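> So that we are looking at the same thing, I have put the structure below in structure tokens.
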Amino acid sequence: MTGFRFSSKIKTCLLLGAVMLLISACEKSGGEEVTSITVQKDGTILSHIVESFEQGYYDSEELQQSILAEAADYNKMAGNGRINVEKIDVDSGVATVRMIYQEAEDYADFNHTVFFVGSTEKAGEEYELNVVLSGAKDTNDTVGRADILAMKDYKLLITDAQEPVFLNGKAEYISDNVTVSSDRNNIQLSGDGLGYVLYR
């Protein structure tokens, strides 16, 4: 089961709309039919939300206005174009929202969550990295902090987001609270705390 991590105002809008049923994630390319996060090749972050939406106390027009207002407020503060709302649609009791964030930091700030994507060197400047990661293909193959910092041709994802995350590469090493798809193109947290994924 997955939830999505909008800012508090947008969460409230959706709760007022009686968003109760969460859509389970499955292995689909880019997560287009499920709630998911995609790290795109150009470094932007695509948030794709698919949730049930019962129009009782709150209608689709109000939902759209609220989300657009939240994004506009963020862009006014952080810089024009940091968030682009591509789609807000309610059809047959299902709400679909697509938003593009210019950087992982924008996704993290807007949704009040941890979502770091970057080099191992930069990760080492912002996080302690006192973790042991196991190979996605061979769990007996493990790496620690010194190994991680030396792996300069890898990218590191650090997150507490509960949605499945589609990578612009293949997961090579993961923390023990992360599950990975058979093709290693997407991951999901399976426990508490921060999840770590080395990929390339």
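In the structure tokens, chains take the letters A, B, ... in the order shown, each chain's residues start at 1, and ligands count up from 1 in the order shown.
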Can you pull out every residue within 7 Å of region 90-95 of chain A, counting only C-alpha atoms, but drop anything in the same chain fewer than 6 positions away, and send it as a PDB file with N, CA, C and O atoms, in the first residue's frame?

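And here is the file that came out, around-v3.pdb:
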ATOM      1  N   VAL A  50      -1.964   8.630  -8.067  1.00  0.00           N
ATOM      2  CA  VAL A  50      -3.240   8.047  -8.487  1.00  0.00           C
ATOM      3  C   VAL A  50      -3.953   7.602  -7.218  1.00  0.00           C
ATOM      4  O   VAL A  50      -3.490   6.699  -6.531  1.00  0.00           O
ATOM      5  N   GLU A  51      -5.048   8.253  -6.891  1.00  0.00           N
ATOM      6  CA  GLU A  51      -5.768   7.952  -5.652  1.00  0.00           C
ATOM      7  C   GLU A  51      -7.283   7.990  -5.894  1.00  0.00           C
ATOM      8  O   GLU A  51      -7.759   8.686  -6.777  1.00  0.00           O
ATOM      9  N   SER A  52      -8.014   7.270  -5.061  1.00  0.00           N
ATOM     10  CA  SER A  52      -9.468   7.360  -5.155  1.00  0.00           C
ATOM     11  C   SER A  52      -9.907   8.719  -4.644  1.00  0.00           C
ATOM     12  O   SER A  52      -9.283   9.299  -3.748  1.00  0.00           O
ATOM     13  N   PHE A  53     -10.962   9.262  -5.218  1.00  0.00           N
ATOM     14  CA  PHE A  53     -11.425  10.604  -4.868  1.00  0.00           C
ATOM     15  C   PHE A  53     -12.943  10.630  -4.944  1.00  0.00           C
ATOM     16  O   PHE A  53     -13.520  10.548  -6.019  1.00  0.00           O
ATOM     17  N   GLU A  54     -13.566  10.712  -3.793  1.00  0.00           N
ATOM     18  CA  GLU A  54     -15.023  10.791  -3.738  1.00  0.00           C
ATOM     19  C   GLU A  54     -15.437  12.246  -3.566  1.00  0.00           C
ATOM     20  O   GLU A  54     -15.057  12.896  -2.603  1.00  0.00           O
ATOM     21  N   SER A  60     -13.564  18.573  -7.713  1.00  0.00           N
ATOM     22  CA  SER A  60     -12.313  18.531  -8.456  1.00  0.00           C
ATOM     23  C   SER A  60     -11.769  19.925  -8.759  1.00  0.00           C
ATOM     24  O   SER A  60     -10.548  20.130  -8.795  1.00  0.00           O
TER      25      SER A  60
END
> Compile the contact shell of Thr142 (chain A) as a PyMOL selection string: residues with an atom at most 10 Å away, counting only C-alpha atoms, same-chain residues fewer than 5 positions apart removed.
chain A and resi 132-136+147+173-175
> When you count only C-alpha atoms, which of these residues is closest to Tyr101 (chain A): A:Asn80, A:Asn140, A:Thr159, A:Thr44?
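Among the listed residues, A:Thr44 lies closest to Tyr101 (chain A).
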> Have a look at A:Arg98, A:Asp176, A:Phe110, A:Ser181 and name the one nearest to Asp73 (chain A); count only C-alpha atoms.
A:Phe110
> Among chain A, which ones does DSSP place in strand (DSSP E), written as a ChimeraX atom specification?
/A:36-39,45-52,83-91,94-101,115-119,133-135,142-143,155-159,165-166,171-174,178-180,186-189,195-199
> Could you jot down the CA of Arg200 (chain A) to CA of Lys155 (chain A) separation for me, Å, one decimal place?
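The value is 6.1 Å.
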> Given the choices A:Asp42, A:Glu33, A:Glu125, A:Asp160, which gets closest to Val97 (chain A) if the distance is worked out from only C-alpha atoms?
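Counting only C-alpha atoms, the residue closest to Val97 (chain A) is A:Glu33.
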